[in-house]
Amino acid sequence: MSNLDISYDAIIIGGGHNGLVAAAYLARARLKVLVLEARSELGGMTSTEELWPGYRVSRVAHVYPGLHPKIIRDLRLHRRGLKLSHRQMPTLAIDDDAQMIVLDPDKRHGRSTAVGLSSADRNAYAKLRRNLGVLSSMAAGLALRPAGGFEATENTLRQAMRRLEESVAQDFMRLVDGSPGDWLSTLFEAPLAQAAVAVDALVGGVGGPYDRNQLASWAWRLAGEVSGTRMALGHPEGGMGTLARALEKAISDVGGSVRPAMGVARILVEDGMAYGVETKDGLRFGARAIVSAVPPRDTLLNLVGEEELDIDVTREVKRIAHKGHIGRLSLALTGLPTFKAVEDAAHLEGRILIAPSLERLNDAWSSAKRGEPAQHPAFEVTIPTTHDPGLAPEGHHILCANVLFVPYEAKEGWEKRKDAYVARLIEALNYYAPGIKDLVKHAELLTPADIEKLYGCTGGHWHHAAMSYDQVLGLRFGARASDWGPLPKNLYFAGAGAHPGGGVTGVPGMLAAETLIADLKS
């Protein structure tokens, strides 16, 4: 354990939002902290970058599903520059016939309104939101429990089920063991309503609309909180990257150190104990604890190394499902697009879903499984410059879209197919927003493989590991690596691959810091 350049109380590997949250809490506890980030830009998949001159783009995470309010309070992030430019974004869904529905949080009454639905579907949506509220409260409560402490989970689930309206409880239980598509097709008459609600279950999920095992991802997505409202979405002023800047300030204000453009090559282990890191430039730093905010799979197989792992552990780690299937399209536009279904320009400040039916979503998923881009792609679109104009030159706009579903590997390779696919995506958007293709000045598509390469997460999954029933709660990595199996002591997990999982909540980082602080005091 000699030849170390400097020693710290904790070294955090990865400067994404979770790693920065962990570092900020540790530095706040007066520990000597060093954050090492491979990229020159902090924030990981929540970074905002000047992708083209004058256009600042949040390249992966483009909406804010709710950093935990405790983190915002504890780290005083509002005082350090975090500000929401748009709260409780409405959701607009449009179909091929220019029909639309609007699903909009109603702050005055604490309810959600639905415009463009039949009376029966409006009632179904109101009931669904009430029951999803129970689900989100349950998920939010479980999220704050350490991964190893789920003795009361069964009772918690039973209590939540008792709170569900009796008329929906049976359908809800079918969803636990069934698919969003089967469930939603029985709840709503309108195909557009079925698909609009399904998108939230599928973005960041583990399959298509008729695949099982989607509820866990949906629950965590609902558990976020924006400006005191759960199940809401917002947008930080200045782009998602303002979150990283506020967190960096929270670290530096209390003496922590953050070093971008310094990637870690390996975690140093001796006698079953993690004691430092070696950077790709050959520098060696020691620490009482190593906190990894990069995926556990990458941490163990690549940074620790299989030679330091038990063979059974290696086998289990390699089984972690980690392939992503969502693409990210970013467009720089010379003007504001006009969607033919939209009469109120204020709706462009929210989320626009282009997913006319469950069948359309299923076709896209089937294509992705074959390695083929969808003929009729589905989108989750935002235009952040409608409420944050400083992200683009005056009069210009940025469009960000999640594309459901984009294969990790394309037949014949993405090198040969990407340009044609980008053109197809723009043409598909042009159907719903006539003339948008003439506004496109720049375009970028990130496939899951691109996300893997840019942000260091094998498989390109935003959550570092799929949020499936067999990879959540006590079955996901907890903060302390050695609780999971015979892994190096003093190694902690703080990223989305640890409990409670993905989303811009910051909770994995907070739990890692709290666990480490308690361990150092014991």
# chains A, B, ... in the order shown; residues from 1 in each chain; ligands from 1
call {"tool": "residues_around", "arguments": {"residues": "Arg245 of chain A", "least_positions_apart": "3", "cutoff": "12 Å", "atoms": "only C-alpha atoms", "output": "VMD selection string"}}
result
chain A and resid 15 to 17 20 to 21 24 41 to 44 46 to 48 77 to 83 236 to 242 248 to 253 258
call {"tool": "write_last_selection", "arguments": {"atoms": "C-alpha atoms", "output": "PDB file, in the first residue's frame"}}
result
ATOM      1  CA  GLY A  15     -18.791  12.784 -11.366  1.00  0.00           C
ATOM      2  CA  GLY A  16     -22.367  12.100 -12.378  1.00  0.00           C
ATOM      3  CA  HIS A  17     -25.117  13.515 -10.192  1.00  0.00           C
ATOM      4  CA  LEU A  20     -21.501  14.352  -6.697  1.00  0.00           C
ATOM      5  CA  VAL A  21     -24.326  13.927  -4.172  1.00  0.00           C
ATOM      6  CA  ALA A  24     -21.181  16.616  -1.164  1.00  0.00           C
ATOM      7  CA  GLU A  41     -17.788  17.820 -18.187  1.00  0.00           C
ATOM      8  CA  LEU A  42     -19.322  16.967 -14.822  1.00  0.00           C
ATOM      9  CA  GLY A  43     -22.811  15.550 -14.475  1.00  0.00           C
ATOM     10  CA  GLY A  44     -22.544  12.345 -16.475  1.00  0.00           C
ATOM     11  CA  THR A  46     -27.288  14.840 -16.539  1.00  0.00           C
ATOM     12  CA  SER A  47     -24.688  17.119 -18.140  1.00  0.00           C
ATOM     13  CA  THR A  48     -25.547  20.004 -20.456  1.00  0.00           C
ATOM     14  CA  LEU A  77     -28.850  23.540  -3.769  1.00  0.00           C
ATOM     15  CA  HIS A  78     -31.342  26.335  -4.469  1.00  0.00           C
ATOM     16  CA  ARG A  79     -28.871  28.740  -2.873  1.00  0.00           C
ATOM     17  CA  ARG A  80     -26.145  27.272  -5.068  1.00  0.00           C
ATOM     18  CA  GLY A  81     -27.866  27.895  -8.382  1.00  0.00           C
ATOM     19  CA  LEU A  82     -30.405  25.101  -8.891  1.00  0.00           C
ATOM     20  CA  LYS A  83     -33.614  26.649 -10.184  1.00  0.00           C
ATOM     21  CA  PRO A 236     -33.772  23.101 -14.396  1.00  0.00           C
ATOM     22  CA  GLU A 237     -33.053  26.588 -15.720  1.00  0.00           C
ATOM     23  CA  GLY A 238     -29.911  26.433 -17.831  1.00  0.00           C
ATOM     24  CA  GLY A 239     -30.344  22.727 -18.581  1.00  0.00           C
ATOM     25  CA  MET A 240     -29.791  19.602 -16.534  1.00  0.00           C
ATOM     26  CA  GLY A 241     -26.132  20.523 -16.119  1.00  0.00           C
ATOM     27  CA  THR A 242     -27.022  23.215 -13.572  1.00  0.00           C
ATOM     28  CA  GLU A 248     -19.895  20.867  -7.371  1.00  0.00           C
ATOM     29  CA  LYS A 249     -20.300  24.114  -5.456  1.00  0.00           C
ATOM     30  CA  ALA A 250     -21.713  22.185  -2.484  1.00  0.00           C
ATOM     31  CA  ILE A 251     -18.522  20.079  -2.510  1.00  0.00           C
ATOM     32  CA  SER A 252     -15.986  22.858  -3.019  1.00  0.00           C
ATOM     33  CA  ASP A 253     -17.640  25.181  -0.488  1.00  0.00           C
ATOM     34  CA  VAL A 258     -13.320  17.598  -7.873  1.00  0.00           C
TER      35      VAL A 258
END
call {"tool": "residues_around", "arguments": {"residues": "segment 285-288 of chain A", "least_positions_apart": "4", "cutoff": "7 Å", "atoms": "only C-alpha atoms", "output": "ChimeraX atom specification"}}
result
/A:4-11,275-278,490
call {"tool": "atom_distance", "arguments": {"atom1": "atom CA of Ile352 of chain A", "atom2": "atom CA of Glu380 of chain A"}}
result
5.9 Å
call {"tool": "closest_residue", "arguments": {"among": "A:Pro377, A:Glu409, A:Leu487, A:Ala512", "to": "Asp271 of chain A", "atoms": "only C-alpha atoms"}}
result
A:Leu487
call {"tool": "residues_around", "arguments": {"residues": "Asp388 of chain A", "least_positions_apart": "6", "cutoff": "12 Å", "atoms": "only C-alpha atoms", "output": "PyMOL selection string"}}
result
chain A and resi 55-57+83-86+234-240+349+382+394-398
call {"tool": "write_last_selection", "arguments": {"atoms": "N, CA and C atoms", "output": "PDB file, in the first residue's frame"}}
result
ATOM      1  N   TYR A  55     -25.637  26.450 -28.957  1.00  0.00           N
ATOM      2  CA  TYR A  55     -26.714  25.531 -28.578  1.00  0.00           C
ATOM      3  C   TYR A  55     -26.236  24.642 -27.422  1.00  0.00           C
ATOM      4  N   ARG A  56     -26.857  24.801 -26.271  1.00  0.00           N
ATOM      5  CA  ARG A  56     -26.503  24.017 -25.085  1.00  0.00           C
ATOM      6  C   ARG A  56     -27.565  22.948 -24.878  1.00  0.00           C
ATOM      7  N   VAL A  57     -27.125  21.691 -24.918  1.00  0.00           N
ATOM      8  CA  VAL A  57     -28.048  20.563 -24.998  1.00  0.00           C
ATOM      9  C   VAL A  57     -27.829  19.614 -23.821  1.00  0.00           C
ATOM     10  N   LYS A  83     -32.339  25.958 -10.051  1.00  0.00           N
ATOM     11  CA  LYS A  83     -33.614  26.649 -10.184  1.00  0.00           C
ATOM     12  C   LYS A  83     -34.426  25.977 -11.278  1.00  0.00           C
ATOM     13  N   LEU A  84     -35.701  25.700 -10.989  1.00  0.00           N
ATOM     14  CA  LEU A  84     -36.566  25.103 -11.996  1.00  0.00           C
ATOM     15  C   LEU A  84     -37.175  26.205 -12.844  1.00  0.00           C
ATOM     16  N   SER A  85     -36.973  26.095 -14.159  1.00  0.00           N
ATOM     17  CA  SER A  85     -37.543  27.097 -15.052  1.00  0.00           C
ATOM     18  C   SER A  85     -38.967  26.734 -15.452  1.00  0.00           C
ATOM     19  N   HIS A  86     -39.345  25.475 -15.258  1.00  0.00           N
ATOM     20  CA  HIS A  86     -40.714  25.068 -15.599  1.00  0.00           C
ATOM     21  C   HIS A  86     -41.123  23.945 -14.671  1.00  0.00           C
ATOM     22  N   GLY A 234     -40.113  18.416 -14.381  1.00  0.00           N
ATOM     23  CA  GLY A 234     -39.709  19.806 -14.533  1.00  0.00           C
ATOM     24  C   GLY A 234     -38.438  19.908 -15.344  1.00  0.00           C
ATOM     25  N   HIS A 235     -37.887  21.120 -15.399  1.00  0.00           N
ATOM     26  CA  HIS A 235     -36.687  21.375 -16.189  1.00  0.00           C
ATOM     27  C   HIS A 235     -35.853  22.431 -15.466  1.00  0.00           C
ATOM     28  N   PRO A 236     -34.605  22.104 -15.056  1.00  0.00           N
ATOM     29  CA  PRO A 236     -33.772  23.101 -14.396  1.00  0.00           C
ATOM     30  C   PRO A 236     -33.376  24.228 -15.357  1.00  0.00           C
ATOM     31  N   GLU A 237     -33.439  25.449 -14.892  1.00  0.00           N
ATOM     32  CA  GLU A 237     -33.053  26.588 -15.720  1.00  0.00           C
ATOM     33  C   GLU A 237     -31.576  26.473 -16.074  1.00  0.00           C
ATOM     34  N   GLY A 238     -31.284  26.594 -17.368  1.00  0.00           N
ATOM     35  CA  GLY A 238     -29.911  26.433 -17.831  1.00  0.00           C
ATOM     36  C   GLY A 238     -29.579  25.017 -18.237  1.00  0.00           C
ATOM     37  N   GLY A 239     -30.577  24.116 -18.196  1.00  0.00           N
ATOM     38  CA  GLY A 239     -30.344  22.727 -18.581  1.00  0.00           C
ATOM     39  C   GLY A 239     -30.027  21.852 -17.386  1.00  0.00           C
ATOM     40  N   MET A 240     -30.029  20.550 -17.614  1.00  0.00           N
ATOM     41  CA  MET A 240     -29.791  19.602 -16.534  1.00  0.00           C
ATOM     42  C   MET A 240     -28.425  19.786 -15.893  1.00  0.00           C
ATOM     43  N   GLU A 349     -44.486  23.836 -24.106  1.00  0.00           N
ATOM     44  CA  GLU A 349     -43.598  23.933 -22.957  1.00  0.00           C
ATOM     45  C   GLU A 349     -43.559  22.634 -22.162  1.00  0.00           C
ATOM     46  N   THR A 382     -39.351  17.012 -25.839  1.00  0.00           N
ATOM     47  CA  THR A 382     -39.435  18.299 -25.141  1.00  0.00           C
ATOM     48  C   THR A 382     -38.722  19.352 -25.981  1.00  0.00           C
ATOM     49  N   GLU A 394     -30.912  33.550 -30.106  1.00  0.00           N
ATOM     50  CA  GLU A 394     -32.222  34.194 -30.094  1.00  0.00           C
ATOM     51  C   GLU A 394     -33.077  33.727 -31.279  1.00  0.00           C
ATOM     52  N   GLY A 395     -34.293  33.318 -30.975  1.00  0.00           N
ATOM     53  CA  GLY A 395     -35.218  32.861 -32.012  1.00  0.00           C
ATOM     54  C   GLY A 395     -35.034  31.413 -32.413  1.00  0.00           C
ATOM     55  N   HIS A 396     -33.954  30.792 -31.967  1.00  0.00           N
ATOM     56  CA  HIS A 396     -33.687  29.392 -32.292  1.00  0.00           C
ATOM     57  C   HIS A 396     -34.147  28.499 -31.131  1.00  0.00           C
ATOM     58  N   HIS A 397     -34.226  27.206 -31.400  1.00  0.00           N
ATOM     59  CA  HIS A 397     -34.729  26.280 -30.392  1.00  0.00           C
ATOM     60  C   HIS A 397     -33.956  24.964 -30.409  1.00  0.00           C
ATOM     61  N   ILE A 398     -34.097  24.239 -29.301  1.00  0.00           N
ATOM     62  CA  ILE A 398     -33.544  22.894 -29.171  1.00  0.00           C
ATOM     63  C   ILE A 398     -34.704  21.932 -28.954  1.00  0.00           C
TER      64      ILE A 398
END
call {"tool": "decode", "arguments": {"residues": "segment 412-441 of chain A", "atoms": "N, CA and C atoms", "output": "mmCIF file, in the first residue's frame"}}
result
data_model
loop_
_atom_site.group_PDB
_atom_site.id
_atom_site.type_symbol
_atom_site.label_atom_id
_atom_site.label_comp_id
_atom_site.auth_asym_id
_atom_site.auth_seq_id
_atom_site.Cartn_x
_atom_site.Cartn_y
_atom_site.Cartn_z
ATOM 1 N N GLU A 412 -25.934 -4.762 -39.849
ATOM 2 C CA GLU A 412 -24.974 -4.104 -40.741
ATOM 3 C C GLU A 412 -24.192 -3.009 -40.022
ATOM 4 N N GLY A 413 -24.461 -2.792 -38.730
ATOM 5 C CA GLY A 413 -23.690 -1.819 -37.959
ATOM 6 C C GLY A 413 -24.255 -0.416 -38.036
ATOM 7 N N TRP A 414 -24.151 0.319 -36.923
ATOM 8 C CA TRP A 414 -24.674 1.691 -36.897
ATOM 9 C C TRP A 414 -23.900 2.630 -37.810
ATOM 10 N N GLU A 415 -22.636 2.334 -38.055
ATOM 11 C CA GLU A 415 -21.841 3.217 -38.911
ATOM 12 C C GLU A 415 -22.478 3.386 -40.288
ATOM 13 N N LYS A 416 -23.080 2.315 -40.787
ATOM 14 C CA LYS A 416 -23.693 2.355 -42.114
ATOM 15 C C LYS A 416 -25.138 2.848 -42.074
ATOM 16 N N ARG A 417 -25.770 2.790 -40.918
ATOM 17 C CA ARG A 417 -27.204 3.024 -40.876
ATOM 18 C C ARG A 417 -27.622 4.306 -40.173
ATOM 19 N N LYS A 418 -26.719 4.906 -39.386
ATOM 20 C CA LYS A 418 -27.171 5.985 -38.517
ATOM 21 C C LYS A 418 -27.676 7.195 -39.292
ATOM 22 N N ASP A 419 -26.961 7.638 -40.309
ATOM 23 C CA ASP A 419 -27.390 8.830 -41.056
ATOM 24 C C ASP A 419 -28.777 8.635 -41.652
ATOM 25 N N ALA A 420 -29.013 7.450 -42.217
ATOM 26 C CA ALA A 420 -30.325 7.182 -42.803
ATOM 27 C C ALA A 420 -31.400 7.136 -41.729
ATOM 28 N N TYR A 421 -31.047 6.620 -40.550
ATOM 29 C CA TYR A 421 -32.034 6.544 -39.487
ATOM 30 C C TYR A 421 -32.368 7.923 -38.929
ATOM 31 N N VAL A 422 -31.357 8.775 -38.798
ATOM 32 C CA VAL A 422 -31.615 10.151 -38.350
ATOM 33 C C VAL A 422 -32.573 10.836 -39.326
ATOM 34 N N ALA A 423 -32.334 10.642 -40.614
ATOM 35 C CA ALA A 423 -33.226 11.230 -41.619
ATOM 36 C C ALA A 423 -34.642 10.682 -41.467
ATOM 37 N N ARG A 424 -34.769 9.380 -41.161
ATOM 38 C CA ARG A 424 -36.085 8.784 -40.972
ATOM 39 C C ARG A 424 -36.778 9.369 -39.743
ATOM 40 N N LEU A 425 -36.025 9.590 -38.675
ATOM 41 C CA LEU A 425 -36.599 10.173 -37.462
ATOM 42 C C LEU A 425 -37.108 11.587 -37.722
ATOM 43 N N ILE A 426 -36.322 12.361 -38.439
ATOM 44 C CA ILE A 426 -36.739 13.735 -38.740
ATOM 45 C C ILE A 426 -37.966 13.723 -39.646
ATOM 46 N N GLU A 427 -37.996 12.815 -40.601
ATOM 47 C CA GLU A 427 -39.159 12.707 -41.489
ATOM 48 C C GLU A 427 -40.401 12.303 -40.693
ATOM 49 N N ALA A 428 -40.222 11.411 -39.706
ATOM 50 C CA ALA A 428 -41.354 11.002 -38.879
ATOM 51 C C ALA A 428 -41.870 12.183 -38.054
ATOM 52 N N LEU A 429 -40.967 12.979 -37.499
ATOM 53 C CA LEU A 429 -41.384 14.172 -36.753
ATOM 54 C C LEU A 429 -42.076 15.168 -37.671
ATOM 55 N N ASN A 430 -41.617 15.228 -38.916
ATOM 56 C CA ASN A 430 -42.189 16.175 -39.866
ATOM 57 C C ASN A 430 -43.657 15.876 -40.163
ATOM 58 N N TYR A 431 -44.063 14.625 -40.021
ATOM 59 C CA TYR A 431 -45.472 14.274 -40.225
ATOM 60 C C TYR A 431 -46.354 14.968 -39.186
ATOM 61 N N TYR A 432 -45.867 15.016 -37.954
ATOM 62 C CA TYR A 432 -46.646 15.599 -36.864
ATOM 63 C C TYR A 432 -46.391 17.100 -36.717
ATOM 64 N N ALA A 433 -45.218 17.541 -37.150
ATOM 65 C CA ALA A 433 -44.860 18.967 -37.097
ATOM 66 C C ALA A 433 -44.409 19.384 -38.488
ATOM 67 N N PRO A 434 -45.351 19.604 -39.406
ATOM 68 C CA PRO A 434 -44.995 19.899 -40.804
ATOM 69 C C PRO A 434 -44.026 21.074 -40.914
ATOM 70 N N GLY A 435 -42.975 20.844 -41.678
ATOM 71 C CA GLY A 435 -41.969 21.887 -41.892
ATOM 72 C C GLY A 435 -40.797 21.837 -40.938
ATOM 73 N N ILE A 436 -40.828 20.931 -39.948
ATOM 74 C CA ILE A 436 -39.744 20.910 -38.977
ATOM 75 C C ILE A 436 -38.419 20.506 -39.627
ATOM 76 N N LYS A 437 -38.493 19.677 -40.674
ATOM 77 C CA LYS A 437 -37.235 19.248 -41.288
ATOM 78 C C LYS A 437 -36.499 20.412 -41.948
ATOM 79 N N ASP A 438 -37.238 21.454 -42.325
ATOM 80 C CA ASP A 438 -36.596 22.633 -42.902
ATOM 81 C C ASP A 438 -35.980 23.531 -41.836
ATOM 82 N N LEU A 439 -36.319 23.295 -40.562
ATOM 83 C CA LEU A 439 -35.777 24.086 -39.453
ATOM 84 C C LEU A 439 -34.518 23.466 -38.856
ATOM 85 N N VAL A 440 -34.220 22.230 -39.241
ATOM 86 C CA VAL A 440 -33.120 21.507 -38.600
ATOM 87 C C VAL A 440 -31.776 22.037 -39.107
ATOM 88 N N LYS A 441 -31.005 22.585 -38.169
ATOM 89 C CA LYS A 441 -29.660 23.061 -38.495
ATOM 90 C C LYS A 441 -28.602 22.028 -38.131
#
